[in-house]
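> This is work_11.cif (mmCIF, C-alpha atoms).
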data_run
loop_
_atom_site.label_atom_id
_atom_site.label_comp_id
_atom_site.auth_asym_id
_atom_site.auth_seq_id
_atom_site.Cartn_x
_atom_site.Cartn_y
_atom_site.Cartn_z
CA MET H 1 -73.30 -27.96 18.72
CA LEU H 2 -72.76 -25.25 21.34
CA ILE H 3 -73.41 -26.45 24.88
CA LYS H 4 -76.37 -24.66 26.43
CA ARG H 5 -75.89 -23.76 30.08
CA LYS H 6 -78.88 -24.66 32.24
CA ASP H 7 -81.07 -21.70 33.08
CA ASN H 8 -80.56 -22.23 36.82
CA PHE H 9 -76.79 -21.79 36.82
CA SER H 10 -76.97 -18.30 38.37
CA THR H 11 -79.26 -19.71 41.05
CA LYS H 12 -76.76 -22.47 41.72
CA LEU H 13 -73.92 -19.95 42.06
CA ILE H 14 -75.87 -18.06 44.73
CA HIS H 15 -77.72 -20.79 46.61
CA ALA H 16 -75.99 -24.14 46.06
CA ARG H 17 -74.85 -25.89 49.26
CA GLU H 18 -75.64 -22.88 51.43
CA PRO H 19 -76.57 -23.64 55.07
CA GLU H 20 -80.34 -23.84 55.54
CA LYS H 21 -80.11 -21.52 58.52
CA LYS H 22 -77.26 -19.11 59.11
CA PRO H 23 -76.23 -17.72 62.52
CA GLU H 24 -78.47 -14.92 63.72
CA ASN H 25 -80.51 -15.30 60.50
CA ALA H 26 -77.79 -13.50 58.54
CA LEU H 27 -78.27 -13.27 54.78
CA ASN H 28 -74.58 -13.83 54.07
CA ASN H 29 -72.30 -16.41 55.63
CA PRO H 30 -70.22 -15.26 58.59
CA ILE H 31 -66.44 -15.38 58.43
CA PHE H 32 -65.10 -17.85 60.97
CA MET H 33 -61.81 -16.12 61.71
CA THR H 34 -60.60 -18.61 64.27
CA SER H 35 -57.54 -20.82 64.27
CA THR H 36 -58.90 -23.46 66.63
CA PHE H 37 -62.20 -24.88 67.87
CA THR H 38 -63.06 -26.05 71.39
CA PHE H 39 -64.70 -29.25 72.64
CA ASP H 40 -67.14 -29.87 75.47
CA SER H 41 -65.33 -33.06 76.45
CA LEU H 42 -62.34 -35.23 75.67
CA GLU H 43 -64.74 -37.81 74.25
CA ALA H 44 -66.05 -35.24 71.76
CA ALA H 45 -62.50 -34.36 70.76
CA GLU H 46 -61.60 -38.02 70.21
CA ALA H 47 -64.70 -38.52 68.06
CA ALA H 48 -63.74 -35.53 65.90
CA PHE H 49 -60.18 -36.83 65.43
CA GLU H 50 -61.58 -40.21 64.36
CA PHE H 51 -63.92 -38.48 61.84
CA GLU H 52 -66.90 -39.91 63.71
CA THR H 53 -68.42 -36.42 63.84
CA ASP H 54 -68.30 -33.32 61.64
CA ASP H 55 -66.96 -31.18 64.48
CA TYR H 56 -64.18 -28.75 63.56
CA VAL H 57 -60.75 -29.04 65.16
CA TYR H 58 -58.30 -26.57 63.58
CA THR H 59 -58.61 -24.30 60.54
CA ARG H 60 -55.54 -25.87 58.92
CA GLY H 61 -57.71 -28.95 58.43
CA ASN H 62 -61.25 -27.59 58.25
CA ASN H 63 -63.24 -24.43 58.81
CA PRO H 64 -66.96 -23.63 58.32
CA THR H 65 -66.33 -20.80 55.83
CA LEU H 66 -63.86 -22.91 53.84
CA LYS H 67 -66.26 -25.85 53.82
CA ILE H 68 -69.06 -23.79 52.29
CA LEU H 69 -66.69 -22.73 49.52
CA GLU H 70 -65.47 -26.30 48.96
CA ASP H 71 -69.03 -27.64 48.81
CA LYS H 72 -70.19 -24.91 46.45
CA MET H 73 -67.24 -25.47 44.11
CA ALA H 74 -67.98 -29.21 44.04
CA GLU H 75 -71.56 -28.39 43.08
CA ILE H 76 -70.76 -25.97 40.26
CA GLU H 77 -67.98 -28.19 38.85
CA ASN H 78 -70.25 -31.28 39.12
CA GLY H 79 -67.71 -33.07 41.32
CA ALA H 80 -67.83 -35.21 44.44
CA ALA H 81 -65.89 -32.89 46.77
CA GLY H 82 -63.65 -29.83 46.81
CA VAL H 83 -60.56 -28.70 48.71
CA ALA H 84 -59.52 -25.05 49.17
CA PHE H 85 -55.87 -23.93 49.14
CA SER H 86 -54.05 -20.67 49.78
CA SER H 87 -53.07 -20.30 46.11
CA GLY H 88 -53.55 -21.87 42.70
CA MET H 89 -50.01 -23.23 42.75
CA GLY H 90 -50.63 -24.62 46.22
CA SER H 91 -53.56 -26.59 44.84
CA ILE H 92 -51.58 -27.83 41.82
CA SER H 93 -48.49 -28.80 43.83
CA ALA H 94 -50.45 -30.69 46.48
CA THR H 95 -52.54 -32.48 43.84
CA LEU H 96 -49.49 -33.70 41.91
CA LEU H 97 -47.67 -34.75 45.08
CA SER H 98 -50.73 -36.72 46.15
CA LEU H 99 -50.81 -38.62 42.85
CA LEU H 100 -47.10 -39.21 42.22
CA LYS H 101 -44.29 -40.97 44.02
CA PRO H 102 -40.57 -41.43 43.23
CA GLY H 103 -40.16 -43.35 39.98
CA ASP H 104 -43.49 -42.18 38.56
CA LYS H 105 -43.99 -40.04 35.48
CA ILE H 106 -46.30 -37.15 34.64
CA VAL H 107 -47.01 -36.22 31.03
CA ALA H 108 -48.22 -32.64 30.55
CA HIS H 109 -49.22 -30.53 27.60
CA GLN H 110 -46.27 -28.56 26.26
CA ILE H 111 -47.82 -25.13 26.88
CA LEU H 112 -48.34 -24.34 30.56
CA TYR H 113 -48.41 -21.42 32.94
CA GLY H 114 -44.79 -20.62 33.80
CA SER H 115 -44.88 -21.80 37.44
CA SER H 116 -46.68 -25.03 36.48
CA TYR H 117 -44.01 -25.62 33.85
CA LYS H 118 -41.22 -25.14 36.39
CA LEU H 119 -42.93 -27.42 38.92
CA ILE H 120 -43.42 -30.26 36.43
CA LYS H 121 -40.24 -29.92 34.39
CA GLU H 122 -37.75 -29.08 37.12
CA TRP H 123 -38.97 -29.24 40.73
CA LEU H 124 -40.54 -32.72 40.64
CA ARG H 125 -37.32 -34.17 39.23
CA ASP H 126 -35.65 -33.51 42.58
CA TYR H 127 -38.03 -36.17 43.90
CA ASP H 128 -37.27 -38.64 41.11
CA ILE H 129 -40.54 -37.88 39.33
CA ASP H 130 -40.16 -37.54 35.57
CA GLY H 131 -42.00 -34.66 33.93
CA SER H 132 -42.49 -34.96 30.18
CA LEU H 133 -44.00 -32.20 28.02
CA VAL H 134 -45.60 -33.06 24.68
CA ASP H 135 -48.23 -31.69 22.31
CA PHE H 136 -51.57 -33.10 23.49
CA ASN H 137 -53.07 -32.21 20.12
CA ASP H 138 -50.60 -34.59 18.47
CA PHE H 139 -52.20 -37.81 19.67
CA ASN H 140 -49.49 -40.08 18.29
CA LYS H 141 -46.76 -38.20 20.17
CA LEU H 142 -48.83 -38.28 23.33
CA ILE H 143 -49.32 -42.05 23.08
CA GLU H 144 -45.56 -42.50 22.57
CA ALA H 145 -44.83 -40.42 25.69
CA ILE H 146 -47.01 -42.55 27.98
CA ASP H 147 -45.33 -45.61 29.52
CA GLU H 148 -45.96 -47.99 32.43
CA ASN H 149 -44.64 -45.40 34.91
CA THR H 150 -47.05 -42.67 33.78
CA LYS H 151 -49.60 -41.93 36.50
CA VAL H 152 -50.85 -38.45 35.61
CA LEU H 153 -51.82 -36.56 32.47
CA TYR H 154 -51.98 -32.80 33.04
CA LEU H 155 -53.24 -29.96 30.88
CA GLU H 156 -54.66 -26.45 30.75
CA THR H 157 -57.45 -25.70 28.31
CA PRO H 158 -57.54 -23.06 26.99
CA ALA H 159 -53.77 -22.97 27.35
CA ASN H 160 -51.82 -20.02 28.71
CA PRO H 161 -51.01 -17.84 26.74
CA THR H 162 -51.70 -19.27 23.25
CA LEU H 163 -55.37 -20.06 24.05
CA GLU H 164 -54.93 -23.47 22.45
CA VAL H 165 -57.90 -25.77 23.18
CA ILE H 166 -57.45 -29.48 23.98
CA ASP H 167 -60.10 -32.18 23.62
CA ILE H 168 -60.69 -33.28 27.23
CA GLU H 169 -62.84 -36.29 26.32
CA LYS H 170 -60.18 -37.66 23.99
CA ILE H 171 -57.42 -37.26 26.58
CA ALA H 172 -59.65 -38.69 29.33
CA GLU H 173 -60.24 -41.83 27.27
CA LEU H 174 -56.51 -42.25 26.83
CA ALA H 175 -55.98 -41.73 30.57
CA ARG H 176 -58.47 -44.46 31.42
CA GLU H 177 -56.86 -46.87 28.95
CA ASN H 178 -53.48 -46.34 30.66
CA ASP H 179 -54.74 -46.26 34.25
CA CYS H 180 -53.75 -42.60 34.64
CA LYS H 181 -55.45 -39.72 36.39
CA LEU H 182 -56.35 -36.71 34.24
CA VAL H 183 -55.89 -33.33 35.93
CA VAL H 184 -57.23 -30.22 34.14
CA ASP H 185 -56.49 -26.62 35.03
CA ASN H 186 -59.80 -24.87 34.34
CA THR H 187 -58.76 -21.37 35.41
CA PHE H 188 -59.09 -19.67 32.00
CA ALA H 189 -62.59 -21.00 31.31
CA SER H 190 -64.05 -20.99 34.83
CA PRO H 191 -66.82 -23.41 35.87
CA TYR H 192 -69.33 -21.32 33.94
CA LEU H 193 -67.81 -21.95 30.52
CA GLN H 194 -66.41 -25.45 31.02
CA ASN H 195 -66.72 -28.42 33.39
CA PRO H 196 -63.83 -30.85 32.75
CA LEU H 197 -65.24 -33.55 35.04
CA ASP H 198 -68.27 -33.80 32.73
CA HIS H 199 -65.87 -34.72 29.93
CA GLY H 200 -64.03 -37.45 31.81
CA ALA H 201 -61.35 -35.62 33.82
CA ASN H 202 -60.69 -36.91 37.34
CA ILE H 203 -59.54 -33.69 38.98
CA VAL H 204 -60.02 -30.03 38.14
CA VAL H 205 -57.85 -27.25 39.60
CA HIS H 206 -58.43 -23.51 39.73
CA SER H 207 -56.51 -20.44 40.64
CA ALA H 208 -59.40 -18.90 42.56
CA THR H 209 -57.44 -15.65 42.43
CA LYS H 210 -58.76 -15.20 38.91
CA TYR H 211 -62.38 -15.48 37.72
CA LEU H 212 -63.78 -17.09 40.87
CA GLY H 213 -62.76 -14.17 43.08
CA GLY H 214 -62.92 -11.76 40.17
CA HIS H 215 -61.87 -8.55 41.86
CA GLY H 216 -58.09 -8.80 42.21
CA ASP H 217 -58.20 -8.67 46.01
CA LEU H 218 -57.29 -12.22 47.06
CA VAL H 219 -55.08 -15.23 46.35
CA GLY H 220 -56.50 -18.74 46.50
CA GLY H 221 -56.80 -22.12 44.84
CA VAL H 222 -59.45 -24.84 44.66
CA VAL H 223 -59.38 -28.52 43.68
CA VAL H 224 -62.53 -30.44 42.78
CA ALA H 225 -62.37 -34.22 42.34
CA ASP H 226 -64.67 -36.93 41.03
CA SER H 227 -63.95 -38.98 44.18
CA LYS H 228 -64.81 -37.95 47.73
CA ASP H 229 -62.25 -40.43 49.09
CA TYR H 230 -59.50 -38.82 47.02
CA ALA H 231 -60.55 -35.32 48.14
CA MET H 232 -60.45 -36.42 51.79
CA ASN H 233 -56.95 -37.83 51.27
CA LEU H 234 -55.82 -34.62 49.55
CA LYS H 235 -57.24 -32.52 52.34
CA PHE H 236 -56.18 -34.41 55.46
CA ASN H 237 -52.92 -35.98 54.25
CA TYR H 238 -51.52 -33.25 51.99
CA LEU H 239 -53.18 -29.88 52.59
CA THR H 240 -52.85 -30.20 56.35
CA GLU H 241 -49.24 -31.40 56.22
CA LEU H 242 -48.00 -29.04 53.51
CA GLY H 243 -49.90 -26.19 55.14
CA SER H 244 -51.13 -24.33 52.05
CA VAL H 245 -54.30 -23.27 53.85
CA MET H 246 -56.71 -20.62 52.59
CA SER H 247 -57.69 -17.83 54.94
CA PRO H 248 -61.39 -17.89 55.92
CA PHE H 249 -61.57 -14.25 54.86
CA ASN H 250 -60.30 -15.13 51.37
CA ALA H 251 -62.84 -17.96 51.19
CA TRP H 252 -65.57 -15.45 52.04
CA LEU H 253 -64.33 -13.10 49.29
CA ILE H 254 -64.38 -15.96 46.76
CA LEU H 255 -67.91 -16.92 47.81
CA ARG H 256 -68.92 -13.32 47.21
CA GLY H 257 -67.23 -13.32 43.80
CA ILE H 258 -68.81 -16.61 42.72
CA LYS H 259 -72.29 -15.10 43.04
CA THR H 260 -71.63 -12.85 40.02
CA LEU H 261 -69.47 -15.29 38.02
CA LYS H 262 -71.99 -15.83 35.22
CA LEU H 263 -72.68 -12.11 34.76
CA ARG H 264 -68.99 -11.20 34.84
CA MET H 265 -67.95 -13.97 32.45
CA GLU H 266 -70.62 -13.05 29.91
CA ALA H 267 -69.78 -9.34 30.03
CA ALA H 268 -66.02 -9.92 29.81
CA GLN H 269 -66.49 -12.44 26.99
CA THR H 270 -68.52 -9.90 25.01
CA ASN H 271 -65.70 -7.38 25.38
CA ALA H 272 -63.10 -9.97 24.36
CA GLN H 273 -65.01 -10.93 21.22
CA LYS H 274 -65.26 -7.29 20.11
CA ILE H 275 -61.56 -6.72 20.81
CA VAL H 276 -60.75 -9.83 18.76
CA ASP H 277 -62.83 -8.52 15.84
CA PHE H 278 -60.98 -5.19 16.01
CA LEU H 279 -57.52 -6.78 16.17
CA GLN H 280 -58.21 -9.18 13.30
CA ALA H 281 -59.03 -6.24 11.06
CA HIS H 282 -55.99 -4.13 12.03
CA ASP H 283 -53.03 -3.98 9.65
CA ARG H 284 -50.46 -3.83 12.46
CA VAL H 285 -51.68 -7.07 14.02
CA LYS H 286 -49.94 -10.15 12.70
CA SER H 287 -52.12 -12.83 14.33
CA VAL H 288 -54.82 -13.32 16.96
CA ASN H 289 -55.34 -16.31 19.27
CA TYR H 290 -58.85 -16.82 20.60
CA PRO H 291 -60.87 -20.02 21.14
CA GLY H 292 -63.59 -20.70 18.63
CA LEU H 293 -62.39 -18.61 15.71
CA GLU H 294 -63.62 -20.14 12.48
CA SER H 295 -60.00 -20.41 11.32
CA ASP H 296 -59.07 -22.30 14.50
CA LYS H 297 -58.62 -26.04 13.99
CA ALA H 298 -60.12 -26.57 17.46
CA ALA H 299 -63.34 -24.66 16.70
CA ASN H 300 -65.43 -27.84 16.80
CA ILE H 301 -63.92 -28.84 20.15
CA VAL H 302 -64.79 -25.42 21.56
CA LYS H 303 -68.42 -25.79 20.43
CA ARG H 304 -68.68 -29.23 21.99
CA GLN H 305 -66.70 -28.62 25.17
CA MET H 306 -67.32 -25.00 26.16
CA VAL H 307 -70.32 -22.76 26.64
CA GLY H 308 -68.37 -19.88 25.09
CA PRO H 309 -64.82 -18.90 24.10
CA GLY H 310 -64.12 -16.83 27.21
CA ALA H 311 -62.47 -13.50 27.94
CA MET H 312 -58.80 -14.33 27.34
CA LEU H 313 -57.00 -13.61 24.06
CA SER H 314 -53.49 -13.11 22.76
CA PHE H 315 -52.11 -11.43 19.66
CA GLU H 316 -48.87 -10.70 17.86
CA LEU H 317 -48.00 -7.22 16.65
CA ASP H 318 -46.14 -6.74 13.40
CA GLU H 319 -43.75 -4.32 15.03
CA SER H 320 -40.30 -4.29 16.60
CA VAL H 321 -39.90 -5.30 20.24
CA ASN H 322 -39.11 -1.70 21.18
CA LYS H 323 -42.32 -0.52 19.52
CA ILE H 324 -44.33 -3.23 21.30
CA ARG H 325 -42.83 -2.17 24.63
CA GLU H 326 -43.79 1.43 23.81
CA PHE H 327 -47.34 0.31 22.99
CA VAL H 328 -47.73 -1.62 26.26
CA ASN H 329 -46.33 1.21 28.35
CA SER H 330 -48.70 3.74 26.75
CA LEU H 331 -51.98 1.94 27.39
CA LYS H 332 -54.31 3.66 29.84
CA TYR H 333 -57.14 1.22 30.59
CA PHE H 334 -55.28 -2.06 30.07
CA LYS H 335 -53.18 -2.39 33.20
CA LEU H 336 -49.86 -4.24 32.88
CA ALA H 337 -50.09 -7.20 35.28
CA VAL H 338 -49.46 -10.94 35.45
CA SER H 339 -52.91 -11.98 36.63
CA LEU H 340 -56.25 -12.32 34.83
CA GLY H 341 -59.97 -12.63 35.42
CA ASP H 342 -60.38 -9.29 37.19
CA ILE H 343 -63.06 -6.71 36.46
CA GLU H 344 -60.21 -4.48 35.21
CA SER H 345 -58.76 -5.26 31.78
CA LEU H 346 -55.16 -6.48 32.00
CA ILE H 347 -52.37 -6.90 29.48
CA GLU H 348 -49.32 -9.10 29.91
CA TYR H 349 -46.09 -9.81 28.01
CA PRO H 350 -45.59 -13.60 28.47
CA PHE H 351 -42.10 -13.78 26.94
CA PHE H 352 -40.67 -11.33 29.47
CA MET H 353 -43.02 -12.08 32.38
CA THR H 354 -44.95 -15.27 33.18
CA HIS H 355 -43.14 -17.63 30.78
CA ARG H 356 -39.55 -16.52 31.27
CA ASP H 357 -38.62 -19.90 32.81
CA TYR H 358 -38.99 -21.56 29.40
CA ASP H 359 -35.96 -21.79 27.14
CA GLU H 360 -36.08 -18.90 24.62
CA LYS H 361 -35.80 -21.16 21.60
CA ARG H 362 -38.58 -23.37 22.97
CA LEU H 363 -40.84 -20.37 23.48
CA TYR H 364 -40.59 -19.50 19.80
CA GLU H 365 -41.30 -23.11 18.84
CA LEU H 366 -44.48 -22.98 20.93
CA GLY H 367 -45.64 -19.70 19.40
CA ILE H 368 -44.80 -17.59 22.47
CA SER H 369 -42.62 -15.00 20.78
CA LYS H 370 -41.33 -11.57 21.74
CA TYR H 371 -44.19 -10.17 19.68
CA LEU H 372 -47.02 -11.89 21.60
CA LEU H 373 -49.20 -10.01 24.09
CA ARG H 374 -51.97 -11.49 26.25
CA ILE H 375 -55.16 -9.69 27.23
CA SER H 376 -57.65 -10.45 29.97
CA ALA H 377 -60.74 -8.49 28.98
CA GLY H 378 -62.45 -6.76 31.87
CA LEU H 379 -65.80 -5.06 32.33
CA GLU H 380 -65.07 -1.54 31.11
CA ASP H 381 -67.05 -0.07 28.20
CA THR H 382 -66.02 -1.80 25.02
CA ASN H 383 -65.58 1.41 23.03
CA VAL H 384 -63.13 2.72 25.65
CA LEU H 385 -61.03 -0.44 25.52
CA ILE H 386 -60.87 -0.53 21.73
CA ALA H 387 -60.07 3.18 21.57
CA ASP H 388 -57.21 2.63 24.03
CA ILE H 389 -55.71 -0.03 21.75
CA GLU H 390 -56.35 1.89 18.53
CA ASN H 391 -54.96 5.21 19.75
CA ASN H 392 -51.74 3.65 20.95
CA LEU H 393 -51.27 1.57 17.80
CA GLN H 394 -51.63 4.76 15.77
CA LYS H 395 -48.93 6.43 17.87
CA LEU H 396 -46.46 3.76 16.75
#
I'd like the structure from this file rewritten - as C-alpha cells, please.

Amino acid sequence: MLIKRKDNFSTKLIHAREPEKKPENALNNPIFMTSTFTFDSLEAAEAAFEFETDDYVYTRGNNPTLKILEDKMAEIENGAAGVAFSSGMGSISATLLSLLKPGDKIVAHQILYGSSYKLIKEWLRDYDIDGSLVDFNDFNKLIEAIDENTKVLYLETPANPTLEVIDIEKIAELARENDCKLVVDNTFASPYLQNPLDHGANIVVHSATKYLGGHGDLVGGVVVADSKDYAMNLKFNYLTELGSVMSPFNAWLILRGIKTLKLRMEAAQTNAQKIVDFLQAHDRVKSVNYPGLESDKAANIVKRQMVGPGAMLSFELDESVNKIREFVNSLKYFKLAVSLGDIESLIEYPFFMTHRDYDEKRLYELGISKYLLRISAGLEDTNVLIADIENNLQKL
C-alpha cells in the first residue's frame, strides 16, 4: 500500500525547529556570517568548551544558521540530530571514517555514485579498511559477504543511475543481526518521498546540493542519525577535525530551498512520470528505468517504502554511441550536467561522466552501458520537455 504523507509535511518544512523569536522580528532567519564568537568572560568560554552551555565558539564547530538547518533536517528525516557538511561527499566520508577503523570492513551495494564507489572501493583501502561491493537484492550473496569484521552496510536507494530500489527494512534487520550500522544515501528520494530511519536505518546522508537546495546554486551535505550521541561525536570529533564545514550562507540557501521541497518534488515527479510514459512507447528506446513501474520487480518495495517514485529516470537508446552523443548534444531544454534535483531538467551520460571510475566491463554487468542516459526532470512545462526529446530523436 502506498505510504500517505501526513498533511502537515509542508508546514513542517517551513516551521519545524524555527526559533520562536528571530532577531529584530525578522520573518526569515539571519545569516550569521562570522567565523568566531566572543565571550563576556573566561568562565563563560570555559563553560562553552565543556559543553555546559549552548554558547557558540567557532563556526567550524557550530553556528546558529547551521544549527537551524541541522535541527530542521533531523525533524523532517525523523532523526535524533543532524550535522551539516560542505558537500555530500564530505558528509559520506566523515560518516564512514567515524564508523570504521583499520581492520574493519564495509559492505556496500554494487551500484553507487562514482565518487562513493571510489571512496569505498579504493580510498578506504589505504587505511586498511576493506570495501566489498555486492548485490543487496541478492540476499544470499549479501549474507555471504558479511563477516565478523563488517561494521557498516551502505546503500543508495534508488540507486544511481539504474534507479534500482533496495528494501531498507530487510537490510536493516540484517544489520542489526550482525551488529552493523546501516547508512543510506537518500539523495535521490529526498526526505519528502522516503525516510530511511523510519525503516530501520541508523544514519541517512544527503547531498544537499540536489533536491534540498533545489536551485543549483550551492554545494552542501547533511547527515541525520538515530542517535544524538553519535551525531555529537560526528560533529565535534570528525567534522571539526576534517574541516568539511558548510558556509552559513549555503545553509541559509538550503533552508530557503527546503520550504518548497514538497511542491518541487511533486511537480518534478509529475514531469518524470510523463517522460517515462513517452519513452516507454518510443520505438528508438530500448529500456527505461524508473521506480515503481509495474514491470519492476521492486514495485511492491516502492509502494511500501516511498511516497512516490521520484523525478529521476534513466533509459537506453537503441542507437549507436555516435548517434546518442548527437542526441545529447542537440537537446535544448535538458542541460548536460552531472548534478540533479534542480528546477532545470538535466541529462547525464553516466558511462562517460559520473561512473567512469568503474571498470568498463563491470559497468556493463551492472547495466550501466554506453547506451544509458540519466534524466533529472525539472519544473519546465511537460509538453516542452517531451517535444525536446521527440524532436531530437526524430533527427537521428
> Give me the result of the PyMOL selection byres ((chain H and resi 196) around 8) on this file, residue by residue, as number ranges by chain.
H: 77, 168, 184, 186, 194-195, 197-201, 204
> Measuring atom to atom with all atoms listed in the file, identify which of H:Asn233, H:Lys297, H:Leu193, H:Ser41 is nearest to H:Leu263.
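Distance minimum relative to H:Leu263 lands on H:Leu193.
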> Pick out the residues sitting within 12 Å of stretch 360-362 of chain H, and hand them over as a ChimeraX atom specification; count only C-alpha atoms, and ignore anything fewer than 4 positions along from it in its own chain.
/H:110-111,133,350-352,355-356,366-370
> If I wrap all listed atoms of stretch 264-280 of chain H in a box with edges along x, y and z and add 3 Å on each side, what are its centre and edge lengths in Å to one decimal, as AutoDock Vina command-line options?

--center_x -64.1 --center_y -9.6 --center_z 24.1 --size_x 19.1 --size_y 14.8 --size_z 27.5
> What's around H:Asn178 at 9 Å? Count all atoms listed in the file, leave out sequence neighbours fewer than 2 positions away in its own chain, and write the answer as an mmCIF file with C-alpha atoms, keeping the file's coordinate frame.

data_model
loop_
_atom_site.group_PDB
_atom_site.id
_atom_site.type_symbol
_atom_site.label_atom_id
_atom_site.label_comp_id
_atom_site.auth_asym_id
_atom_site.auth_seq_id
_atom_site.Cartn_x
_atom_site.Cartn_y
_atom_site.Cartn_z
ATOM 1 C CA ILE H 146 -47.010 -42.550 27.980
ATOM 2 C CA ASP H 147 -45.330 -45.610 29.520
ATOM 3 C CA GLU H 148 -45.960 -47.990 32.430
ATOM 4 C CA THR H 150 -47.050 -42.670 33.780
ATOM 5 C CA LYS H 151 -49.600 -41.930 36.500
ATOM 6 C CA GLU H 173 -60.240 -41.830 27.270
ATOM 7 C CA LEU H 174 -56.510 -42.250 26.830
ATOM 8 C CA ALA H 175 -55.980 -41.730 30.570
ATOM 9 C CA ARG H 176 -58.470 -44.460 31.420
ATOM 10 C CA CYS H 180 -53.750 -42.600 34.640
ATOM 11 C CA LYS H 181 -55.450 -39.720 36.390
#
> Which is closer to H:Ile324 than all the others in H:Phe85, H:Glu164, H:Arg284, H:Asp40, using all atoms listed in the file?
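Smallest separation from H:Ile324 among the options: H:Arg284.
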> Using only C-alpha atoms, find the one residue out of H:Asn160, H:Ser98, H:Thr209, H:Asn289 that sits nearest to H:Glu241.
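With only C-alpha atoms as the atom set, the closest residue is H:Ser98.
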> List the residues matched by the PyMOL selection byres ((chain H and resi 187) around 10) in the displayed structure as a list of chain:residue names, ordered by chain and then by residue number.
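Selected by the PyMOL selection byres ((chain H and resi 187) around 10) in this file: H:Gly88, H:Glu156, H:Thr157, H:Pro158, H:Ala159, H:Asn160, H:Val184, H:Asp185, H:Asn186, H:Phe188, H:Ala189, H:Ser190, H:Pro191, H:Gln194, H:Val204, H:Val205, H:His206, H:Ser207, H:Ala208, H:Thr209, H:Lys210, H:Tyr211, H:Leu212, H:Gly221, H:Val222, H:Leu340, H:Gly341.
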> Report as a PyMOL selection string the full result of the PyMOL selection byres ((chain H and resi 389) around 10) when it is applied to this structure.
chain H and resi 275+278-279+327-328+330-334+384-388+390-394
> Expressed in Å to a single decimal, how great is the separation between atom CA of H:Phe236 and atom CA of H:Leu124?
21.6 Å
> Could you work out how far atom CA of H:Gly308 lies from atom CA of H:Thr11, giving the answer in Å with one decimal?
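We find that atom CA of H:Thr11 and atom CA of H:Gly308 lie 19.3 Å from each other.
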> Using all atoms listed in the file and a cutoff of 6 Å, can you tell me which residues are near (-46.1, -5.2, 28.0) in the file's coordinates, and write them out as a list in words?
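Residues close enough to count: Arg325, Val328, Glu348 and Tyr349 of chain H.
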> Might you pull out every residue within 10 Å of H:Phe39, with only C-alpha atoms counted and same-chain residues fewer than 4 positions away left off, and present them as a ChimeraX atom specification?
/H:43-46,48,55-57
> Hey, can you spit out that residue selection with C-alpha atoms as an mmCIF file, in the frame of the given file?

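Output file again_11.cif follows:
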data_model
loop_
_atom_site.group_PDB
_atom_site.id
_atom_site.type_symbol
_atom_site.label_atom_id
_atom_site.label_comp_id
_atom_site.auth_asym_id
_atom_site.auth_seq_id
_atom_site.Cartn_x
_atom_site.Cartn_y
_atom_site.Cartn_z
ATOM 1 C CA GLU H 43 -64.740 -37.810 74.250
ATOM 2 C CA ALA H 44 -66.050 -35.240 71.760
ATOM 3 C CA ALA H 45 -62.500 -34.360 70.760
ATOM 4 C CA GLU H 46 -61.600 -38.020 70.210
ATOM 5 C CA ALA H 48 -63.740 -35.530 65.900
ATOM 6 C CA ASP H 55 -66.960 -31.180 64.480
ATOM 7 C CA TYR H 56 -64.180 -28.750 63.560
ATOM 8 C CA VAL H 57 -60.750 -29.040 65.160
#
> Listing only residues of stretch 80-150 of chain H within 10 Å of stretch 65-68 of chain H, what is the closest atom pair and its distance in Å (to one decimal) for each, using only C-alpha atoms, sorted by chain and residue number ascending, as CSV?

residue,atom,partner,partner_atom,distance
H:Ala81,CA,H:Lys67,CA,10.0
H:Gly82,CA,H:Lys67,CA,8.5
H:Val83,CA,H:Lys67,CA,8.2
H:Ala84,CA,H:Leu66,CA,6.7
H:Phe85,CA,H:Leu66,CA,9.3
> Using all atoms listed in the file, which residue out of H:Leu142, H:Leu255, H:Ala377, H:Leu261 lies closest to H:Leu69?
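Going through H:Leu142, H:Leu255, H:Ala377, H:Leu261 one by one, the smallest distance to H:Leu69 is for H:Leu255.
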> Would you mind telling me which residue in H:Asn383, H:Asn322, H:Leu163, H:Ile76 lies nearest to H:Gly292 when using all atoms listed in the file?
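Using all atoms listed in the file, the shortest distance to H:Gly292 belongs to H:Leu163.
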> Just to confirm, what's the straight-line distance from atom CA of H:Lys12 to atom CA of H:Gly214 in Å (one decimal)?
17.6 Å
